[in-house]
Amino acid sequence: MELWKMGLKELSDLLKSKEVKPSEIVESFSKRTSHIEPKINSYVTNLIDKALEEAKKKDKELEKLDQVSDLFGLPIAVKDNISTKGIKTTCSSKILENYIPPFDATVVKKLKNQGYILTGKTNLDEFAMGSSTENSAFFPTKNPWDYERVPGGSSGGSAAAVGAGIVPAALGSDTGGSIRQPAAFCGVVGLKPTYGRVSRYGLVAFASSLDQIGPMARNVEDCALILNVISGKDPKDSTSADKKVPDYLSYIGKDIKGIKIGLPKEFFIEGLDSKIKEKVLNAAKQLEKEGAEILEVTMPTTKYAIEAYYIIAPSEASSNLARYDGVRYGYRARDYKDLEEMYSKTRDEGFGAEVKRRIMLGTYSLSSGYYDAYYLKAQKVRTLIYQDFMNAFESVDILLTPTTPDIAFKIGEKVSDPLQMYLSDIFTVSVNMAGVPGISLPCGFKDGLPVGMQLIGKPFDEGTILQVAHYYERLNDFNKRFPGE
Ligand code: GLN
């Protein structure tokens, strides 16, 4: 098999037994990249040539190593809202177009300690606000399965790159679905860890009470592998949890007898495409045959999740984005007559329409006359959503739902209707609101385009969703296909 078709674990085994060299691996991905990348535009900064040079250095290092780390010599892409020292980190925004961070995010540092090879910084919706990458200030990324369709968002560049096979894995960030929704649209596996599982130091903040970094890969085991590396307490992020990190790989290959899986009836509603519904219910049947127990559960507050999310996330964004003032770093307007005008012109020229919409929504919800009616109310709804999850988890171990109401939509189809766009996250936002972990994995195809299903776990129980996801993956072969073949 060609190297570019392999996952991280397979490649790592070959490296460890010294059957291949890092440069041979990167070379193979580089060829695939030159062939496909011009068609999909997944990278804001394509570093594949630098990666090749780096790989040659790693060839020599490997000869001398007795103990080879799990991610040594492996190519991985990083979403462009995660800080990389000395490498542009733009958030796909004009305001950070030329920003070069002087430090690495903790997750990047951890990957570096393993000896990974960075292949590039991937495109996203500006500041991770969006569901299609059409909000990137630079260009939209295209879905590798159909170049007329979106890859999802906001981690659309990461998802498209992994889906196309130009890189075996990538990091994404997920505030309301930004890892799982694009993973579903591009036919890859994407995991949003529990809030606090992974340090966000160096992740450019969008909505701080919701943001998490997570892995996107070709298979479940590779997500477990990356999660092992990036998890854990970080003194630089006070929201990272001081909780022991289990070996997530130990859940891979375990059987699923007796595991109770809940189907929340509010996730199988009108508006969900009938083919997607059928595929997710088929997955439930398959898992039942293998010894899992399937139960229906109810989570009545689900229907308010989008509304509450679009108060809370913009409120936090309006505060987080106040730092882009043209003074300390980033873009500054050219002509202005005084300080006030410098601020307003900088922000007017530097931010795109969706970011401005969020700042306005958030500022409004937080303003003194409306705070109680909007922000406070949304926070109360958030508590109810959390309680819904905790109630459900009293009778089941995990939940199974669709990831998205439909397959990837056409480029341009939803740009003029922000509300339609917001609805693409209907099955993912409540997971962020509750802070619990969720994984999306392929469960079939509709009209030649990938369909994803979502498994949701108890707080800090990424292990069980990885276990069930891997078991399901092995029963099927949806992740073995590549687009353009
Ligand atoms: N699509 C959602 C939004 O626009 C979620 C984005 C995300 O998870 N970063 O806010």
# chains A, B, ... in the order shown; residues from 1 in each chain; ligands from 1
$ residues_around --residues "stretch 454-462 of chain A" --least-positions-apart "2" --cutoff "10 Å" --atoms "only C-alpha atoms" --output "ChimeraX atom specification"
/A:180-181,184,189-197,224,227,241,243-246,248,251,261-263,280,389-390,392-394,396-404,427-428,431,434-443,452,464-469
$ residues_around --residues "stretch 349-365 of chain A" --least-positions-apart "6" --cutoff "9 Å" --atoms "only C-alpha atoms" --output "VMD selection string"
chain A and resid 93 to 96 126 to 127 129 to 130 135 to 137 310 to 319 321 to 322 324 330 to 333 371 to 376 418
$ closest_residue --among "A:Gly176, A:Pro140, A:Pro22, A:Pro483" --to "ligand 1" --atoms "only C-alpha atoms and all ligand atoms"
A:Gly176
$ closest_atom_pairs --of "chain A" --to "ligand 1" --cutoff "6 Å" --atoms "only C-alpha atoms and all ligand atoms" --output "tab-separated table"
residue	atom	partner	partner_atom_place_in_ligand_line	distance
A:Ala128	CA	ligand 1	9 (N)	4.3
A:Met129	CA	ligand 1	4 (O)	4.0
A:Gly130	CA	ligand 1	4 (O)	3.4
A:Ser131	CA	ligand 1	1 (N)	4.2
A:Ser154	CA	ligand 1	9 (N)	5.4
A:Asp174	CA	ligand 1	8 (O)	4.0
A:Thr175	CA	ligand 1	8 (O)	3.4
A:Gly176	CA	ligand 1	8 (O)	3.6
A:Gly177	CA	ligand 1	8 (O)	4.2
A:Ser178	CA	ligand 1	8 (O)	3.5
A:Asp425	CA	ligand 1	1 (N)	5.9
$ closest_residue --among "A:Asp104, A:Val429, A:Asn41, A:Ser23" --to "A:Lys60" --atoms "only C-alpha atoms"
A:Ser23
$ closest_residue --among "A:Thr298, A:Ser199, A:Gln286, A:Ser368" --to "A:Leu475" --atoms "only C-alpha atoms"
A:Gln286
$ select_by_dssp --residues "stretch 239-312 of chain A" --states "helix (DSSP H, G or I)" --output "ChimeraX atom specification"
/A:248-251,265-267,274-289,300-312
$ atom_distance --atom1 "atom CA of A:Lys337" --atom2 "atom CA of A:Glu97"
23.9 Å
$ atom_distance --atom1 "atom CA of A:Gly214" --atom2 "atom CA of A:Cys186"
16.2 Å
$ atom_distance --atom1 "atom CA of A:Thr239" --atom2 "atom CA of A:Gln114"
24.0 Å
$ residues_around --residues "A:Phe482" --least-positions-apart "5" --cutoff "8 Å" --atoms "only C-alpha atoms" --output "number ranges by chain"
A: 163-165
$ select_by_dssp --residues "stretch 97-295 of chain A" --states "strand (DSSP E)" --output "JSON, numbers by chain"
{"A": [117, 118, 119, 120, 121, 122, 169, 170, 171, 172, 173, 174, 189, 190, 191, 192, 212, 213, 214, 215, 216, 217, 260, 261, 262, 263, 264, 293, 294, 295]}
$ residues_around --residues "A:Thr106" --least-positions-apart "4" --cutoff "12 Å" --atoms "only C-alpha atoms" --output "compact mmCIF listing (two decimals) with all heavy atoms, in the first residue's frame"
# COMPACT_ATOMS: atom_id res chain seq x y z
N ILE A 82 -3.97 27.98 16.00
CA ILE A 82 -3.15 27.40 17.07
C ILE A 82 -1.72 27.91 16.86
O ILE A 82 -1.15 27.73 15.78
CB ILE A 82 -3.23 25.85 17.04
CG1 ILE A 82 -4.70 25.40 17.23
CG2 ILE A 82 -2.32 25.23 18.08
CD1 ILE A 82 -4.93 23.90 17.12
N SER A 83 -1.18 28.53 17.90
CA SER A 83 0.11 29.23 17.75
C SER A 83 1.27 28.31 17.45
O SER A 83 1.48 27.29 18.11
CB SER A 83 0.44 29.96 19.05
OG SER A 83 -0.37 31.06 19.19
N THR A 84 2.04 28.72 16.44
CA THR A 84 3.26 28.01 16.08
C THR A 84 4.39 29.03 16.05
O THR A 84 4.34 30.00 15.29
CB THR A 84 3.10 27.38 14.68
OG1 THR A 84 2.39 28.30 13.84
CG2 THR A 84 2.34 26.07 14.74
N LYS A 85 5.37 28.81 16.88
CA LYS A 85 6.49 29.75 17.02
C LYS A 85 7.20 29.98 15.69
O LYS A 85 7.61 29.02 15.03
CB LYS A 85 7.47 29.19 18.04
CG LYS A 85 8.57 30.13 18.43
CD LYS A 85 9.42 29.51 19.52
CE LYS A 85 10.58 30.44 19.84
NZ LYS A 85 11.37 29.89 20.93
N LYS A 110 3.95 19.84 22.70
CA LYS A 110 3.88 18.41 23.00
C LYS A 110 4.12 17.56 21.76
O LYS A 110 4.78 16.53 21.82
CB LYS A 110 2.53 18.07 23.63
CG LYS A 110 2.41 18.58 25.06
CD LYS A 110 1.09 18.19 25.69
CE LYS A 110 1.16 18.38 27.20
NZ LYS A 110 -0.05 17.93 27.88
N LEU A 111 3.59 18.02 20.64
CA LEU A 111 3.84 17.29 19.38
C LEU A 111 5.32 17.38 19.01
O LEU A 111 5.92 16.40 18.56
CB LEU A 111 2.98 17.85 18.24
CG LEU A 111 1.47 17.66 18.32
CD1 LEU A 111 0.78 18.33 17.13
CD2 LEU A 111 1.09 16.18 18.35
N LYS A 112 5.89 18.56 19.22
CA LYS A 112 7.32 18.74 18.91
C LYS A 112 8.19 17.82 19.77
O LYS A 112 9.16 17.24 19.28
CB LYS A 112 7.74 20.19 19.18
CG LYS A 112 7.64 21.09 17.98
CD LYS A 112 8.33 22.42 18.28
CE LYS A 112 8.20 23.38 17.11
NZ LYS A 112 8.61 24.75 17.47
N ASN A 113 7.83 17.71 21.05
CA ASN A 113 8.61 16.83 21.93
C ASN A 113 8.61 15.40 21.44
O ASN A 113 9.52 14.63 21.72
CB ASN A 113 8.05 16.86 23.36
CG ASN A 113 8.35 18.18 24.03
OD1 ASN A 113 9.22 18.93 23.57
ND2 ASN A 113 7.62 18.50 25.10
N VAL A 198 -7.63 19.09 27.37
CA VAL A 198 -6.47 19.50 26.58
C VAL A 198 -6.22 21.00 26.83
O VAL A 198 -7.15 21.80 26.83
CB VAL A 198 -6.73 19.26 25.08
CG1 VAL A 198 -5.60 19.79 24.22
CG2 VAL A 198 -6.96 17.77 24.80
N SER A 199 -4.97 21.36 27.03
CA SER A 199 -4.63 22.77 27.26
C SER A 199 -4.97 23.63 26.06
O SER A 199 -4.72 23.24 24.92
CB SER A 199 -3.13 22.88 27.54
OG SER A 199 -2.72 24.23 27.42
N ARG A 200 -5.52 24.80 26.32
CA ARG A 200 -5.78 25.74 25.21
C ARG A 200 -4.77 26.85 25.17
O ARG A 200 -4.96 27.85 24.48
CB ARG A 200 -7.19 26.32 25.33
CG ARG A 200 -8.25 25.32 24.97
CD ARG A 200 -9.40 25.26 25.93
NE ARG A 200 -9.34 26.14 27.04
CZ ARG A 200 -10.24 27.10 27.25
NH1 ARG A 200 -11.21 27.30 26.41
NH2 ARG A 200 -10.17 27.83 28.33
N TYR A 201 -3.67 26.72 25.93
CA TYR A 201 -2.66 27.76 25.87
C TYR A 201 -2.14 27.84 24.43
O TYR A 201 -1.65 26.86 23.88
CB TYR A 201 -1.52 27.44 26.84
CG TYR A 201 -0.39 28.44 26.78
CD1 TYR A 201 -0.55 29.73 27.28
CD2 TYR A 201 0.83 28.11 26.21
CE1 TYR A 201 0.48 30.65 27.21
CE2 TYR A 201 1.86 29.03 26.13
CZ TYR A 201 1.68 30.29 26.64
OH TYR A 201 2.70 31.21 26.56
N GLY A 202 -2.28 29.02 23.83
CA GLY A 202 -1.83 29.18 22.45
C GLY A 202 -2.92 28.95 21.42
O GLY A 202 -2.69 29.13 20.24
N LEU A 203 -4.11 28.57 21.87
CA LEU A 203 -5.25 28.53 20.94
C LEU A 203 -5.85 29.93 20.96
O LEU A 203 -6.20 30.44 22.04
CB LEU A 203 -6.30 27.52 21.40
CG LEU A 203 -7.65 27.57 20.65
CD1 LEU A 203 -7.50 27.11 19.21
CD2 LEU A 203 -8.70 26.71 21.36
N ILE A 213 -9.31 21.98 21.89
CA ILE A 213 -8.50 21.49 20.77
C ILE A 213 -8.67 19.97 20.72
O ILE A 213 -8.78 19.33 21.77
CB ILE A 213 -7.01 21.82 21.00
CG1 ILE A 213 -6.81 23.34 21.01
CG2 ILE A 213 -6.13 21.16 19.93
CD1 ILE A 213 -5.39 23.78 21.38
N VAL A 229 -1.08 12.18 23.62
CA VAL A 229 0.04 13.13 23.63
C VAL A 229 -0.39 14.52 24.09
O VAL A 229 0.31 15.18 24.86
CB VAL A 229 0.69 13.20 22.22
CG1 VAL A 229 1.71 14.32 22.14
CG2 VAL A 229 1.30 11.86 21.85
N ILE A 230 -1.55 14.99 23.64
CA ILE A 230 -1.89 16.40 23.89
C ILE A 230 -2.66 16.64 25.20
O ILE A 230 -2.81 17.79 25.61
CB ILE A 230 -2.67 17.03 22.71
CG1 ILE A 230 -4.03 16.33 22.48
CG2 ILE A 230 -1.84 17.01 21.43
CD1 ILE A 230 -4.88 16.99 21.37
N SER A 231 -3.15 15.58 25.85
CA SER A 231 -3.97 15.76 27.06
C SER A 231 -3.13 16.13 28.28
O SER A 231 -1.93 15.89 28.31
CB SER A 231 -4.71 14.47 27.39
OG SER A 231 -5.63 14.18 26.40
N GLY A 232 -3.82 16.65 29.30
CA GLY A 232 -3.18 16.81 30.60
C GLY A 232 -3.16 18.23 31.11
O GLY A 232 -3.38 19.19 30.39
N LYS A 233 -2.90 18.32 32.41
CA LYS A 233 -2.85 19.61 33.10
C LYS A 233 -1.70 20.46 32.55
O LYS A 233 -0.62 19.94 32.29
CB LYS A 233 -2.65 19.34 34.60
CG LYS A 233 -2.44 20.57 35.45
CD LYS A 233 -3.75 21.32 35.66
CE LYS A 233 -3.52 22.65 36.39
NZ LYS A 233 -4.66 23.57 36.19
N ASP A 234 -1.99 21.74 32.39
CA ASP A 234 -0.95 22.67 31.92
C ASP A 234 -0.98 23.89 32.82
O ASP A 234 -2.00 24.57 32.91
CB ASP A 234 -1.27 23.06 30.47
CG ASP A 234 -0.33 24.10 29.91
OD1 ASP A 234 0.72 24.38 30.55
OD2 ASP A 234 -0.62 24.65 28.84
N PRO A 235 0.09 24.18 33.50
CA PRO A 235 0.09 25.36 34.38
C PRO A 235 -0.22 26.65 33.61
O PRO A 235 -0.64 27.64 34.21
CB PRO A 235 1.51 25.40 34.94
CG PRO A 235 2.28 24.30 34.31
CD PRO A 235 1.36 23.45 33.51
N LYS A 236 -0.05 26.63 32.31
CA LYS A 236 -0.31 27.85 31.53
C LYS A 236 -1.78 28.01 31.15
O LYS A 236 -2.15 28.99 30.52
CB LYS A 236 0.54 27.84 30.26
CG LYS A 236 2.02 28.03 30.56
CD LYS A 236 2.77 28.14 29.27
CE LYS A 236 4.21 28.51 29.49
NZ LYS A 236 5.10 27.67 28.69
N ASP A 237 -2.61 27.00 31.43
CA ASP A 237 -4.05 27.13 31.16
C ASP A 237 -4.80 26.69 32.41
O ASP A 237 -4.90 25.50 32.71
CB ASP A 237 -4.46 26.26 29.95
CG ASP A 237 -5.97 26.26 29.73
OD1 ASP A 237 -6.70 26.97 30.46
OD2 ASP A 237 -6.43 25.54 28.81
N SER A 240 -7.35 23.91 32.33
CA SER A 240 -7.00 22.50 32.04
C SER A 240 -7.11 21.71 33.35
O SER A 240 -6.77 22.22 34.43
CB SER A 240 -5.59 22.40 31.45
OG SER A 240 -4.62 22.82 32.39
$ residues_around --residues "stretch 3-16 of chain A" --least-positions-apart "6" --cutoff "8 Å" --atoms "only C-alpha atoms" --output "number ranges by chain"
A: 22, 25, 28-29, 32, 68, 70-74, 165-169, 217-219, 221-222, 225
$ residues_around --residues "A:Asp447" --least-positions-apart "2" --cutoff "12 Å" --atoms "only C-alpha atoms" --output "PyMOL selection string"
chain A and resi 145-146+275-276+406-408+444-445+449-451
$ write_last_selection --atoms "N, CA, C and O atoms" --output "compact mmCIF listing (two decimals), in the first residue's frame"
# COMPACT_ATOMS: atom_id res chain seq x y z
N TRP A 145 -14.31 15.45 -1.66
CA TRP A 145 -15.23 14.49 -2.31
C TRP A 145 -16.02 15.14 -3.43
O TRP A 145 -16.61 14.46 -4.27
N ASP A 146 -16.11 16.47 -3.40
CA ASP A 146 -16.85 17.21 -4.43
C ASP A 146 -16.41 18.66 -4.32
O ASP A 146 -16.76 19.35 -3.36
N LYS A 275 -31.98 9.65 4.97
CA LYS A 275 -30.89 8.69 4.72
C LYS A 275 -29.88 8.69 5.87
O LYS A 275 -29.36 7.64 6.27
N ILE A 276 -29.62 9.89 6.39
CA ILE A 276 -28.67 9.98 7.51
C ILE A 276 -29.26 9.27 8.73
O ILE A 276 -28.59 8.49 9.41
N ASP A 406 -27.49 17.05 7.59
CA ASP A 406 -27.40 16.67 6.17
C ASP A 406 -25.94 16.54 5.76
O ASP A 406 -25.04 16.85 6.54
N ILE A 407 -25.71 16.09 4.52
CA ILE A 407 -24.34 15.99 4.01
C ILE A 407 -23.82 17.38 3.62
O ILE A 407 -24.57 18.35 3.67
N ALA A 408 -22.57 17.44 3.21
CA ALA A 408 -21.93 18.71 2.85
C ALA A 408 -22.78 19.48 1.84
O ALA A 408 -23.24 18.91 0.84
N GLY A 444 -21.07 5.90 6.57
CA GLY A 444 -21.60 5.59 5.25
C GLY A 444 -21.50 6.76 4.30
O GLY A 444 -20.85 7.77 4.62
N PHE A 445 -22.14 6.60 3.15
CA PHE A 445 -22.13 7.65 2.12
C PHE A 445 -23.55 7.89 1.64
O PHE A 445 -24.36 6.96 1.59
N LEU A 449 -21.22 11.19 -0.98
CA LEU A 449 -20.61 12.07 0.03
C LEU A 449 -20.69 11.43 1.42
O LEU A 449 -21.68 10.76 1.75
N PRO A 450 -19.65 11.67 2.23
CA PRO A 450 -19.59 11.01 3.54
C PRO A 450 -20.70 11.44 4.50
O PRO A 450 -21.14 12.59 4.47
N VAL A 451 -21.10 10.50 5.35
CA VAL A 451 -22.07 10.77 6.42
C VAL A 451 -21.37 10.44 7.74
O VAL A 451 -20.64 9.45 7.82
$ residues_around --residues "A:Leu124" --least-positions-apart "3" --cutoff "7 Å" --atoms "only C-alpha atoms" --output "ChimeraX atom specification"
/A:91-92,128,133,136,153-157
$ write_last_selection --atoms "all heavy atoms" --output "PDB file, in the first residue's frame"
ATOM      1  N   CYS A  91      -5.473  32.843  11.877  1.00  0.00           N
ATOM      2  CA  CYS A  91      -6.903  32.661  12.166  1.00  0.00           C
ATOM      3  C   CYS A  91      -7.731  32.930  10.915  1.00  0.00           C
ATOM      4  O   CYS A  91      -8.916  33.236  11.015  1.00  0.00           O
ATOM      5  CB  CYS A  91      -7.365  33.567  13.303  1.00  0.00           C
ATOM      6  SG  CYS A  91      -6.756  33.035  14.876  1.00  0.00           S
ATOM      7  N   SER A  92      -7.118  32.850   9.750  1.00  0.00           N
ATOM      8  CA  SER A  92      -7.784  33.180   8.478  1.00  0.00           C
ATOM      9  C   SER A  92      -8.465  34.534   8.541  1.00  0.00           C
ATOM     10  O   SER A  92      -9.560  34.711   8.029  1.00  0.00           O
ATOM     11  CB  SER A  92      -8.773  32.080   8.071  1.00  0.00           C
ATOM     12  OG  SER A  92      -8.069  30.928   7.684  1.00  0.00           O
ATOM     13  N   ALA A 128     -12.524  30.982  13.669  1.00  0.00           N
ATOM     14  CA  ALA A 128     -13.296  29.750  13.926  1.00  0.00           C
ATOM     15  C   ALA A 128     -14.802  29.992  13.996  1.00  0.00           C
ATOM     16  O   ALA A 128     -15.536  29.204  14.575  1.00  0.00           O
ATOM     17  CB  ALA A 128     -12.803  29.030  15.187  1.00  0.00           C
ATOM     18  N   THR A 133     -15.898  27.161   6.166  1.00  0.00           N
ATOM     19  CA  THR A 133     -14.640  27.840   5.760  1.00  0.00           C
ATOM     20  C   THR A 133     -14.866  28.958   4.734  1.00  0.00           C
ATOM     21  O   THR A 133     -13.918  29.597   4.301  1.00  0.00           O
ATOM     22  CB  THR A 133     -13.490  26.937   5.228  1.00  0.00           C
ATOM     23  OG1 THR A 133     -13.767  26.524   3.911  1.00  0.00           O
ATOM     24  CG2 THR A 133     -13.175  25.776   6.138  1.00  0.00           C
ATOM     25  N   SER A 136     -13.424  32.344   5.756  1.00  0.00           N
ATOM     26  CA  SER A 136     -11.989  32.637   5.732  1.00  0.00           C
ATOM     27  C   SER A 136     -11.788  33.939   4.961  1.00  0.00           C
ATOM     28  O   SER A 136     -12.414  34.138   3.909  1.00  0.00           O
ATOM     29  CB  SER A 136     -11.238  31.497   5.040  1.00  0.00           C
ATOM     30  OG  SER A 136      -9.935  31.921   4.672  1.00  0.00           O
ATOM     31  N   GLY A 153     -16.964  23.396   8.646  1.00  0.00           N
ATOM     32  CA  GLY A 153     -16.090  24.340   9.339  1.00  0.00           C
ATOM     33  C   GLY A 153     -16.397  24.365  10.816  1.00  0.00           C
ATOM     34  O   GLY A 153     -17.312  23.689  11.269  1.00  0.00           O
ATOM     35  N   SER A 154     -15.612  25.013  11.595  1.00  0.00           N
ATOM     36  CA  SER A 154     -14.588  25.880  11.071  1.00  0.00           C
ATOM     37  C   SER A 154     -13.264  25.179  10.742  1.00  0.00           C
ATOM     38  O   SER A 154     -12.455  25.730  10.010  1.00  0.00           O
ATOM     39  CB  SER A 154     -14.314  27.002  12.065  1.00  0.00           C
ATOM     40  OG  SER A 154     -13.792  26.495  13.269  1.00  0.00           O
ATOM     41  N   SER A 155     -13.049  23.941  11.255  1.00  0.00           N
ATOM     42  CA  SER A 155     -11.768  23.276  10.950  1.00  0.00           C
ATOM     43  C   SER A 155     -11.823  22.610   9.576  1.00  0.00           C
ATOM     44  O   SER A 155     -11.397  21.456   9.403  1.00  0.00           O
ATOM     45  CB  SER A 155     -11.435  22.228  12.017  1.00  0.00           C
ATOM     46  OG  SER A 155     -11.614  22.734  13.314  1.00  0.00           O
ATOM     47  N   GLY A 156     -12.347  23.322   8.578  1.00  0.00           N
ATOM     48  CA  GLY A 156     -12.535  22.753   7.249  1.00  0.00           C
ATOM     49  C   GLY A 156     -11.227  22.404   6.552  1.00  0.00           C
ATOM     50  O   GLY A 156     -11.149  21.419   5.822  1.00  0.00           O
ATOM     51  N   GLY A 157     -10.195  23.219   6.766  1.00  0.00           N
ATOM     52  CA  GLY A 157      -8.901  22.937   6.144  1.00  0.00           C
ATOM     53  C   GLY A 157      -8.311  21.635   6.682  1.00  0.00           C
ATOM     54  O   GLY A 157      -7.841  20.787   5.914  1.00  0.00           O
TER      55      GLY A 157
END
$ closest_residue --among "A:Ala161, A:Leu62, A:Ala207, A:Val415" --to "A:Ser30" --atoms "only C-alpha atoms"
A:Ala161
$ closest_residue --among "A:Val26, A:Cys223, A:Val204, A:Phe138" --to "A:Ile252" --atoms "only C-alpha atoms"
A:Cys223
